[in-house]
Amino acid sequence: MAEPSSDFSQTASLEQRVAAIEAVFETHGMQPGPFIAGMTHAAAEEWVPQNGARVVAKAWADPGFKQRLLQNGKAAVAELGLSMPAHHRHLVALENTTSVHNLICCTLCSCTAFTIIGLPPDWYKDLDYRARVVRESRTVLREMGLDLAPEIEIRVWDTTTDTRYMVLPQQPPHTAGWPEQELAKIVTKEVMIGVASLALPAAS
Amino acid sequence: MDGVHDLGGRQGFGTINYAPDAPFFHADWEKRVNALYGLAVRKGIFNMDEYRHAIERMPARHYLSASYYERTLTSLATLLVEKGLVSAQGLQELAQGNFPLSRSSAPGRSNLDAPLALKVGDRVRVKNDFFAGHVRMPGYIRGKAGVVVGESPAYPFPDAHAHGVAAQDEPTFDIAFRSEELWPNASDAATVHVGVFSSYLQRID
């Protein structure tokens with residue numbers, strides 16, 4: 001596209017640019033207002049890490065559910081009333097063990113299982129994590145407060161297709177026998193991305 | 001496209017600015033632009049592959065200096081212009097200032113090969129392929145060998161789908177690579193898994 005000729009000496013502010021785009025939507029009769037309100041609500045209230053926490057808690061409490069989750073994640077989370085966008089055709093739950101620690105990224109952009117674990121945090125989308133996590137995984141985790149024992153194998157998953165991932169952490173031994181509702185309370189977004197662990201203290 | 005967005009393995013970056021419970025929106029305009037691009041996709045103005053590629057097409061210096069939602073904003077604006085809903089000049093007049101957009105796109109391409117019938121355990125090599133359009137092959141796996149650990153449902157082929165080119169949906173495979181083979185003597189040991197489209201792969205016999 002040719003550079004547009006410009007009558008302006010300064011770049012419009014971000015707010016001005018967004019307002020310009022909203023005006024274009026209005027001109028074409030697309031009524032952005034209600035849609036913005038709906039999506040803002042969804043981002044705050046529906047697409048939350050508590051969804052993924054319920055999935056993890058049920059996988060810990062119910063071995064049959066865990067197997068179904070590992071076989072077909074999208075169908076399994078639907079049992080809990082959780083949905084994913086149509087274009088996310090597959091959900092892979094990555095099971096941590098005493099010898100394996102899983103970790104998720106999107107080096108090319110910011111892809112996340114957002115309806116299940118919530119929208120990605122700043123650091124996940126920023127250049128440093130995207131550049132370093134595939135090549136310096138153990139170092140990056142240590143910097144983020146997770147110092148894994150040397151014998152633990154690290155598996156990094158770069159989200160390059162429309163398949164989405166979530167980490168299924170190990171259940172901390174002291175929580176054996178807890179009801180699902182209590183189990184869900186301890187599972188965080190960071191644990192389901194793989195940059196924190198429930199067995200070790202998270203960065204404060 | 002070998003753009004600066006293709007960051008995996010790049011050096012020169014520093015400590016991750018990490019905090020638990022980190023926010024994802026910092027301003028009202030960010031919530032609005034996130035919803036607006038979602039609305040555009042819902043209305044069929046463009047698809048997710050076009051959206052991602054329009055971000056990748058930002059001039060390199062703008063890409064690297066922009067915040068995350070400024071990248072969303074630039075992609076959305078570029079696609080509204082390219083799809084004919086507004087002119088670049090019109091956007092500047094509405095915004096009352098310059099409105100930087102992404103650079104134009106190279107042509108797309110259709111599927112490179114018939115889909116491979118790979119199984120878990122098969123060894124494969126990523127093709128030594130270079131393409132100026134949208135491609136979901138991070139440069140750090142180009143030409144590298146790995147092992148199939150899983151298959152996903154077929155997805156629209158990004159190299160075509162981001163460019164309005166006709167193509168078949170393709171199976172994608174989770175391929176496990178060893179970091180020692182991706183960056184010899186220059187990485188932390190790990191198995192790095194990447195979801196790779198069939199067209200980007202060839203079998204190793």
# chains A, B, ... in the order shown; residues from 1 in each chain; ligands from 1

call {"tool": "select_by_dssp", "arguments": {"residues": "stretch 52-159 of chain A", "states": "strand (DSSP E or B)", "output": "PyMOL selection string"}}
result
chain A and resi 90-95+100-105+153-158

call {"tool": "write_last_selection", "arguments": {"atoms": "C-alpha atoms", "output": "compact mmCIF listing (two decimals), in the first residue's frame"}}
result
# COMPACT_ATOMS: atom_id res chain seq x y z
CA HIS A 90 -8.36 -28.88 19.92
CA LEU A 91 -7.25 -28.48 23.54
CA VAL A 92 -4.24 -30.39 24.78
CA ALA A 93 -3.82 -30.81 28.53
CA LEU A 94 -0.12 -31.21 29.34
CA GLU A 95 0.35 -33.42 32.38
CA VAL A 100 8.40 -33.63 33.59
CA HIS A 101 7.48 -29.94 33.73
CA ASN A 102 5.46 -28.39 30.89
CA LEU A 103 5.51 -24.74 29.85
CA ILE A 104 3.47 -22.88 27.22
CA CYS A 105 4.29 -19.90 24.99
CA GLU A 153 12.82 -32.53 32.12
CA ILE A 154 11.38 -29.31 30.68
CA ARG A 155 8.93 -29.46 27.77
CA VAL A 156 8.12 -26.16 26.08
CA TRP A 157 5.05 -25.91 23.81
CA ASP A 158 4.99 -23.14 21.21

call {"tool": "closest_atom_pairs", "arguments": {"of": "chain A", "to": "chain B", "cutoff": "6 Å", "atoms": "only C-alpha atoms", "output": "tab-separated table"}}
result
residue	atom	partner	partner_atom	distance
A:Met1	CA	B:Ser104	CA	5.0
A:Phe8	CA	B:Gly97	CA	5.2
A:Gln10	CA	B:Gly97	CA	5.7
A:Thr11	CA	B:Asn98	CA	4.1
A:Ala12	CA	B:Gly97	CA	4.1
A:Glu15	CA	B:Trp29	CA	5.9
A:Gln16	CA	B:Ala95	CA	5.0
A:Arg17	CA	B:Ala95	CA	5.2
A:Ala20	CA	B:Leu94	CA	5.0
A:Ile36	CA	B:Ala35	CA	5.1
A:Met39	CA	B:Ala35	CA	5.8
A:Thr107	CA	B:Gly8	CA	5.2
A:Leu108	CA	B:Asp6	CA	5.3
A:Pro121	CA	B:Phe24	CA	4.9
A:Asp122	CA	B:Phe24	CA	5.5
A:Trp123	CA	B:Tyr18	CA	5.8
A:Asp128	CA	B:Phe13	CA	5.3
A:Tyr129	CA	B:Ile16	CA	5.9
A:Arg130	CA	B:Gly8	CA	5.9
A:Ala131	CA	B:Gly8	CA	4.4
A:Arg132	CA	B:Gly9	CA	5.9
A:Arg135	CA	B:Ser187	CA	5.0
A:Glu136	CA	B:Asp188	CA	4.8
A:Ile154	CA	B:Ala190	CA	5.0
A:Arg155	CA	B:Thr191	CA	4.8
A:Val156	CA	B:Val192	CA	4.7
A:Trp157	CA	B:His193	CA	4.7
A:Asp158	CA	B:Val194	CA	5.0
A:Thr160	CA	B:Gly195	CA	5.4
A:Thr161	CA	B:Gly195	CA	5.7

call {"tool": "write_last_selection", "arguments": {"atoms": "N, CA and C atoms", "output": "tab-separated table (two decimals), in the first residue's frame"}}
result
chain	number	residue	atom	x	y	z
A	1	MET	N	0.88	-1.19	0.00
A	1	MET	CA	0.00	0.00	0.00
A	1	MET	C	0.90	1.23	0.00
A	8	PHE	N	-0.92	16.05	8.48
A	8	PHE	CA	-0.77	16.20	9.92
A	8	PHE	C	0.70	16.13	10.31
A	10	GLN	N	1.70	15.41	13.41
A	10	GLN	CA	1.91	14.50	14.52
A	10	GLN	C	1.08	13.25	14.36
A	11	THR	N	1.52	12.18	14.97
A	11	THR	CA	0.74	10.95	15.00
A	11	THR	C	-0.43	11.13	15.97
A	12	ALA	N	-1.61	10.69	15.55
A	12	ALA	CA	-2.77	10.73	16.44
A	12	ALA	C	-2.51	9.87	17.67
A	15	GLU	N	-5.89	6.84	21.70
A	15	GLU	CA	-7.33	7.03	21.91
A	15	GLU	C	-8.00	7.59	20.66
A	16	GLN	N	-7.33	8.55	20.02
A	16	GLN	CA	-7.90	9.13	18.80
A	16	GLN	C	-8.00	8.08	17.70
A	17	ARG	N	-6.98	7.24	17.61
A	17	ARG	CA	-6.98	6.21	16.56
A	17	ARG	C	-8.09	5.20	16.79
A	20	ALA	N	-11.34	6.71	15.86
A	20	ALA	CA	-11.48	6.75	14.40
A	20	ALA	C	-12.01	5.42	13.88
A	36	ILE	N	-18.76	-4.04	22.19
A	36	ILE	CA	-17.66	-3.71	23.11
A	36	ILE	C	-18.08	-4.04	24.54
A	39	MET	N	-18.07	-7.90	25.03
A	39	MET	CA	-16.75	-8.52	25.10
A	39	MET	C	-16.00	-8.10	26.34
A	107	THR	N	5.59	-17.89	20.54
A	107	THR	CA	6.72	-17.03	20.14
A	107	THR	C	6.32	-16.05	19.04
A	108	LEU	N	5.33	-16.42	18.22
A	108	LEU	CA	4.98	-15.59	17.05
A	108	LEU	C	3.98	-14.49	17.39
A	121	PRO	N	-1.47	-12.70	30.23
A	121	PRO	CA	-0.91	-11.54	30.93
A	121	PRO	C	0.14	-10.84	30.06
A	122	ASP	N	0.42	-9.59	30.43
A	122	ASP	CA	1.39	-8.77	29.70
A	122	ASP	C	2.67	-9.52	29.36
A	123	TRP	N	3.25	-10.15	30.37
A	123	TRP	CA	4.60	-10.72	30.19
A	123	TRP	C	4.59	-11.85	29.15
A	128	ASP	N	10.30	-10.25	25.40
A	128	ASP	CA	11.35	-10.97	26.12
A	128	ASP	C	10.97	-12.43	26.36
A	129	TYR	N	9.76	-12.67	26.82
A	129	TYR	CA	9.32	-14.06	27.08
A	129	TYR	C	9.27	-14.84	25.76
A	130	ARG	N	8.70	-14.23	24.74
A	130	ARG	CA	8.57	-14.89	23.45
A	130	ARG	C	9.93	-15.26	22.88
A	131	ALA	N	10.91	-14.37	23.05
A	131	ALA	CA	12.25	-14.64	22.49
A	131	ALA	C	12.99	-15.69	23.30
A	132	ARG	N	12.91	-15.60	24.64
A	132	ARG	CA	13.84	-16.35	25.49
A	132	ARG	C	13.31	-17.70	25.96
A	135	ARG	N	14.46	-20.97	24.19
A	135	ARG	CA	15.90	-21.22	24.15
A	135	ARG	C	16.54	-21.25	25.53
A	136	GLU	N	15.96	-20.51	26.50
A	136	GLU	CA	16.54	-20.42	27.86
A	136	GLU	C	15.49	-20.80	28.89
A	154	ILE	N	12.26	-30.41	31.06
A	154	ILE	CA	11.38	-29.31	30.68
A	154	ILE	C	10.87	-29.54	29.27
A	155	ARG	N	9.55	-29.38	29.09
A	155	ARG	CA	8.93	-29.46	27.77
A	155	ARG	C	8.24	-28.14	27.49
A	156	VAL	N	8.69	-27.44	26.47
A	156	VAL	CA	8.12	-26.16	26.08
A	156	VAL	C	7.19	-26.42	24.90
A	157	TRP	N	6.04	-25.75	24.87
A	157	TRP	CA	5.05	-25.91	23.81
A	157	TRP	C	4.78	-24.55	23.19
A	158	ASP	N	5.17	-24.39	21.93
A	158	ASP	CA	4.99	-23.14	21.21
A	158	ASP	C	3.69	-23.24	20.43
A	160	THR	N	1.61	-22.57	17.77
A	160	THR	CA	1.72	-22.04	16.41
A	160	THR	C	0.51	-22.33	15.54
A	161	THR	N	-0.36	-23.27	15.96
A	161	THR	CA	-1.58	-23.55	15.20
A	161	THR	C	-2.76	-23.08	16.04

call {"tool": "residues_around", "arguments": {"residues": "B:Phe46", "least_positions_apart": "4", "cutoff": "9 Å", "atoms": "only C-alpha atoms", "output": "PyMOL selection string"}}
result
chain B and resi 40-42+50-51+79-80+83+162

call {"tool": "write_last_selection", "arguments": {"atoms": "C-alpha atoms", "output": "PDB file, in the first residue's frame"}}
result
ATOM      1  CA  ALA B  40     -14.568  -7.438  12.622  1.00  0.00           C
ATOM      2  CA  VAL B  41     -13.790 -11.172  12.670  1.00  0.00           C
ATOM      3  CA  ARG B  42     -17.366 -11.943  13.761  1.00  0.00           C
ATOM      4  CA  GLU B  50      -5.230 -12.109   8.069  1.00  0.00           C
ATOM      5  CA  TYR B  51      -5.273 -10.381  11.464  1.00  0.00           C
ATOM      6  CA  LEU B  79      -7.287  -4.397   7.243  1.00  0.00           C
ATOM      7  CA  LEU B  80     -10.191  -1.933   7.287  1.00  0.00           C
ATOM      8  CA  LYS B  83     -10.875  -4.332   2.692  1.00  0.00           C
ATOM      9  CA  ALA B 162      -4.214 -15.009   5.294  1.00  0.00           C
TER      10      ALA B 162
END

call {"tool": "atom_distance", "arguments": {"atom1": "atom CA of B:Lys119", "atom2": "atom CA of A:Gly194"}}
result
27.1 Å

call {"tool": "residues_around", "arguments": {"residues": "A:Gly118", "least_positions_apart": "4", "cutoff": "12 Å", "atoms": "only C-alpha atoms", "output": "list in words"}}
result
Ala42, Ala43, Ala44, Glu45, Glu46, Trp47, Val48, Pro49, Gln50, Asn51, Gly52, Ala53, Met84, Cys111, Thr112, Ala113, Phe114, Met166, Thr188, Lys189, Glu190, Met192 and Ile193 of chain A; Asp21, Ala22, Pro23 and Phe24 of chain B

call {"tool": "write_last_selection", "arguments": {"atoms": "N, CA and C atoms", "output": "PDB file, in the first residue's frame"}}
result
ATOM      1  N   ALA A  42     -17.313 -10.306  28.960  1.00  0.00           N
ATOM      2  CA  ALA A  42     -16.810 -11.679  28.819  1.00  0.00           C
ATOM      3  C   ALA A  42     -15.364 -11.781  29.295  1.00  0.00           C
ATOM      4  N   ALA A  43     -14.552 -10.811  28.912  1.00  0.00           N
ATOM      5  CA  ALA A  43     -13.139 -10.845  29.289  1.00  0.00           C
ATOM      6  C   ALA A  43     -12.974 -10.803  30.802  1.00  0.00           C
ATOM      7  N   ALA A  44     -13.852 -10.058  31.462  1.00  0.00           N
ATOM      8  CA  ALA A  44     -13.724  -9.898  32.916  1.00  0.00           C
ATOM      9  C   ALA A  44     -14.395 -11.030  33.690  1.00  0.00           C
ATOM     10  N   GLU A  45     -15.514 -11.537  33.168  1.00  0.00           N
ATOM     11  CA  GLU A  45     -16.356 -12.439  33.975  1.00  0.00           C
ATOM     12  C   GLU A  45     -16.418 -13.877  33.479  1.00  0.00           C
ATOM     13  N   GLU A  46     -16.239 -14.068  32.163  1.00  0.00           N
ATOM     14  CA  GLU A  46     -16.441 -15.432  31.624  1.00  0.00           C
ATOM     15  C   GLU A  46     -15.132 -16.145  31.318  1.00  0.00           C
ATOM     16  N   TRP A  47     -14.177 -15.400  30.764  1.00  0.00           N
ATOM     17  CA  TRP A  47     -12.921 -16.031  30.352  1.00  0.00           C
ATOM     18  C   TRP A  47     -11.926 -15.870  31.489  1.00  0.00           C
ATOM     19  N   VAL A  48     -12.053 -16.692  32.487  1.00  0.00           N
ATOM     20  CA  VAL A  48     -11.302 -16.490  33.727  1.00  0.00           C
ATOM     21  C   VAL A  48     -10.533 -17.753  34.090  1.00  0.00           C
ATOM     22  N   PRO A  49      -9.406 -17.604  34.788  1.00  0.00           N
ATOM     23  CA  PRO A  49      -8.628 -18.782  35.159  1.00  0.00           C
ATOM     24  C   PRO A  49      -9.376 -19.737  36.077  1.00  0.00           C
ATOM     25  N   GLN A  50     -10.422 -19.250  36.733  1.00  0.00           N
ATOM     26  CA  GLN A  50     -11.218 -20.157  37.569  1.00  0.00           C
ATOM     27  C   GLN A  50     -11.811 -21.296  36.743  1.00  0.00           C
ATOM     28  N   ASN A  51     -12.026 -21.061  35.453  1.00  0.00           N
ATOM     29  CA  ASN A  51     -12.520 -22.129  34.575  1.00  0.00           C
ATOM     30  C   ASN A  51     -11.506 -23.267  34.522  1.00  0.00           C
ATOM     31  N   GLY A  52     -10.294 -22.924  34.197  1.00  0.00           N
ATOM     32  CA  GLY A  52      -9.235 -23.932  34.120  1.00  0.00           C
ATOM     33  C   GLY A  52      -8.968 -24.580  35.455  1.00  0.00           C
ATOM     34  N   ALA A  53      -9.106 -23.784  36.523  1.00  0.00           N
ATOM     35  CA  ALA A  53      -8.891 -24.336  37.858  1.00  0.00           C
ATOM     36  C   ALA A  53      -9.903 -25.438  38.155  1.00  0.00           C
ATOM     37  N   MET A  84     -14.982 -23.223  23.954  1.00  0.00           N
ATOM     38  CA  MET A  84     -13.839 -22.587  23.306  1.00  0.00           C
ATOM     39  C   MET A  84     -14.326 -22.039  21.971  1.00  0.00           C
ATOM     40  N   CYS A 111      -1.009 -16.447  21.304  1.00  0.00           N
ATOM     41  CA  CYS A 111      -2.084 -17.428  21.356  1.00  0.00           C
ATOM     42  C   CYS A 111      -2.201 -18.080  22.732  1.00  0.00           C
ATOM     43  N   THR A 112      -3.409 -18.156  23.240  1.00  0.00           N
ATOM     44  CA  THR A 112      -3.693 -18.656  24.587  1.00  0.00           C
ATOM     45  C   THR A 112      -5.047 -19.345  24.573  1.00  0.00           C
ATOM     46  N   ALA A 113      -5.222 -20.348  25.442  1.00  0.00           N
ATOM     47  CA  ALA A 113      -6.538 -20.966  25.648  1.00  0.00           C
ATOM     48  C   ALA A 113      -7.359 -20.023  26.530  1.00  0.00           C
ATOM     49  N   PHE A 114      -7.682 -18.849  25.993  1.00  0.00           N
ATOM     50  CA  PHE A 114      -8.155 -17.751  26.845  1.00  0.00           C
ATOM     51  C   PHE A 114      -9.515 -18.000  27.475  1.00  0.00           C
ATOM     52  N   MET A 166      -3.020 -26.251  27.880  1.00  0.00           N
ATOM     53  CA  MET A 166      -3.026 -25.856  29.281  1.00  0.00           C
ATOM     54  C   MET A 166      -2.230 -26.899  30.047  1.00  0.00           C
ATOM     55  N   THR A 188      -3.736 -21.491  39.757  1.00  0.00           N
ATOM     56  CA  THR A 188      -3.666 -20.139  39.193  1.00  0.00           C
ATOM     57  C   THR A 188      -3.380 -20.166  37.693  1.00  0.00           C
ATOM     58  N   LYS A 189      -3.573 -19.029  37.048  1.00  0.00           N
ATOM     59  CA  LYS A 189      -3.256 -18.889  35.624  1.00  0.00           C
ATOM     60  C   LYS A 189      -1.781 -19.212  35.369  1.00  0.00           C
ATOM     61  N   GLU A 190      -0.926 -18.697  36.277  1.00  0.00           N
ATOM     62  CA  GLU A 190       0.513 -18.904  36.076  1.00  0.00           C
ATOM     63  C   GLU A 190       0.877 -20.388  36.111  1.00  0.00           C
ATOM     64  N   MET A 192      -1.120 -22.833  35.220  1.00  0.00           N
ATOM     65  CA  MET A 192      -1.656 -23.466  34.019  1.00  0.00           C
ATOM     66  C   MET A 192      -0.906 -23.054  32.750  1.00  0.00           C
ATOM     67  N   ILE A 193      -0.139 -21.983  32.820  1.00  0.00           N
ATOM     68  CA  ILE A 193       0.777 -21.637  31.725  1.00  0.00           C
ATOM     69  C   ILE A 193       2.105 -22.383  31.915  1.00  0.00           C
TER      70      ILE A 193
ATOM     71  N   ASP B  21      -0.615 -12.593  38.652  1.00  0.00           N
ATOM     72  CA  ASP B  21      -1.862 -11.813  38.542  1.00  0.00           C
ATOM     73  C   ASP B  21      -1.659 -10.558  37.700  1.00  0.00           C
ATOM     74  N   ALA B  22      -0.793 -10.629  36.705  1.00  0.00           N
ATOM     75  CA  ALA B  22      -0.507  -9.451  35.882  1.00  0.00           C
ATOM     76  C   ALA B  22      -1.746  -9.079  35.070  1.00  0.00           C
ATOM     77  N   PRO B  23      -1.962  -7.799  34.856  1.00  0.00           N
ATOM     78  CA  PRO B  23      -3.145  -7.386  34.084  1.00  0.00           C
ATOM     79  C   PRO B  23      -2.980  -7.691  32.603  1.00  0.00           C
ATOM     80  N   PHE B  24      -4.079  -7.640  31.879  1.00  0.00           N
ATOM     81  CA  PHE B  24      -3.991  -7.739  30.426  1.00  0.00           C
ATOM     82  C   PHE B  24      -4.540  -6.506  29.733  1.00  0.00           C
TER      83      PHE B  24
END

call {"tool": "residues_around", "arguments": {"residues": "A:Leu148", "least_positions_apart": "4", "cutoff": "9 Å", "atoms": "only C-alpha atoms", "output": "count of residues only"}}
result
7

call {"tool": "closest_residue", "arguments": {"among": "A:Ser197, A:Gln67, A:Thr159, A:Ser137", "to": "A:Cys109", "atoms": "only C-alpha atoms"}}
result
A:Thr159

call {"tool": "atom_distance", "arguments": {"atom1": "atom CA of A:Thr97", "atom2": "atom CA of A:Pro150"}}
result
14.2 Å

call {"tool": "decode", "arguments": {"residues": "stretch 86-148 of chain A", "atoms": "C-alpha atoms", "output": "mmCIF file, in the first residue's frame"}}
result
data_model
loop_
_atom_site.group_PDB
_atom_site.id
_atom_site.type_symbol
_atom_site.label_atom_id
_atom_site.label_comp_id
_atom_site.auth_asym_id
_atom_site.auth_seq_id
_atom_site.Cartn_x
_atom_site.Cartn_y
_atom_site.Cartn_z
ATOM 1 C CA ALA A 86 -14.921 -22.533 17.052
ATOM 2 C CA HIS A 87 -11.507 -21.945 15.509
ATOM 3 C CA HIS A 88 -9.762 -23.461 18.575
ATOM 4 C CA ARG A 89 -10.462 -26.978 17.376
ATOM 5 C CA HIS A 90 -8.356 -28.881 19.917
ATOM 6 C CA LEU A 91 -7.251 -28.478 23.540
ATOM 7 C CA VAL A 92 -4.241 -30.393 24.784
ATOM 8 C CA ALA A 93 -3.821 -30.806 28.527
ATOM 9 C CA LEU A 94 -0.118 -31.211 29.344
ATOM 10 C CA GLU A 95 0.345 -33.422 32.384
ATOM 11 C CA ASN A 96 3.185 -32.570 34.758
ATOM 12 C CA THR A 97 4.818 -35.465 36.611
ATOM 13 C CA THR A 98 7.622 -35.817 39.127
ATOM 14 C CA SER A 99 10.052 -35.908 36.183
ATOM 15 C CA VAL A 100 8.403 -33.629 33.585
ATOM 16 C CA HIS A 101 7.476 -29.936 33.729
ATOM 17 C CA ASN A 102 5.457 -28.393 30.891
ATOM 18 C CA LEU A 103 5.511 -24.736 29.854
ATOM 19 C CA ILE A 104 3.469 -22.876 27.217
ATOM 20 C CA CYS A 105 4.287 -19.904 24.992
ATOM 21 C CA CYS A 106 3.481 -18.306 21.658
ATOM 22 C CA THR A 107 6.717 -17.034 20.140
ATOM 23 C CA LEU A 108 4.977 -15.595 17.054
ATOM 24 C CA CYS A 109 2.206 -13.646 18.795
ATOM 25 C CA SER A 110 0.104 -14.373 21.951
ATOM 26 C CA CYS A 111 -2.084 -17.428 21.356
ATOM 27 C CA THR A 112 -3.693 -18.656 24.587
ATOM 28 C CA ALA A 113 -6.538 -20.966 25.648
ATOM 29 C CA PHE A 114 -8.155 -17.751 26.845
ATOM 30 C CA THR A 115 -11.680 -19.022 27.468
ATOM 31 C CA ILE A 116 -10.241 -21.638 29.816
ATOM 32 C CA ILE A 117 -7.291 -19.984 31.568
ATOM 33 C CA GLY A 118 -8.112 -16.318 30.931
ATOM 34 C CA LEU A 119 -6.594 -13.695 28.674
ATOM 35 C CA PRO A 120 -2.806 -13.786 28.494
ATOM 36 C CA PRO A 121 -0.913 -11.539 30.926
ATOM 37 C CA ASP A 122 1.394 -8.772 29.703
ATOM 38 C CA TRP A 123 4.596 -10.724 30.185
ATOM 39 C CA TYR A 124 3.364 -13.665 28.076
ATOM 40 C CA LYS A 125 2.737 -11.345 25.107
ATOM 41 C CA ASP A 126 5.865 -9.279 25.502
ATOM 42 C CA LEU A 127 9.003 -9.653 23.404
ATOM 43 C CA ASP A 128 11.351 -10.968 26.117
ATOM 44 C CA TYR A 129 9.321 -14.060 27.080
ATOM 45 C CA ARG A 130 8.565 -14.895 23.449
ATOM 46 C CA ALA A 131 12.246 -14.642 22.486
ATOM 47 C CA ARG A 132 13.840 -16.355 25.492
ATOM 48 C CA VAL A 133 11.490 -19.062 26.775
ATOM 49 C CA VAL A 134 12.116 -21.581 23.961
ATOM 50 C CA ARG A 135 15.901 -21.219 24.147
ATOM 51 C CA GLU A 136 16.541 -20.422 27.859
ATOM 52 C CA SER A 137 13.609 -22.214 29.486
ATOM 53 C CA ARG A 138 15.256 -23.202 32.775
ATOM 54 C CA THR A 139 16.878 -19.776 33.200
ATOM 55 C CA VAL A 140 13.633 -17.937 32.442
ATOM 56 C CA LEU A 141 11.697 -20.056 34.932
ATOM 57 C CA ARG A 142 14.308 -19.422 37.621
ATOM 58 C CA GLU A 143 14.100 -15.684 36.991
ATOM 59 C CA MET A 144 10.322 -15.936 37.359
ATOM 60 C CA GLY A 145 10.718 -17.677 40.706
ATOM 61 C CA LEU A 146 10.483 -21.336 39.697
ATOM 62 C CA ASP A 147 13.754 -23.160 40.285
ATOM 63 C CA LEU A 148 13.290 -26.699 39.006
#
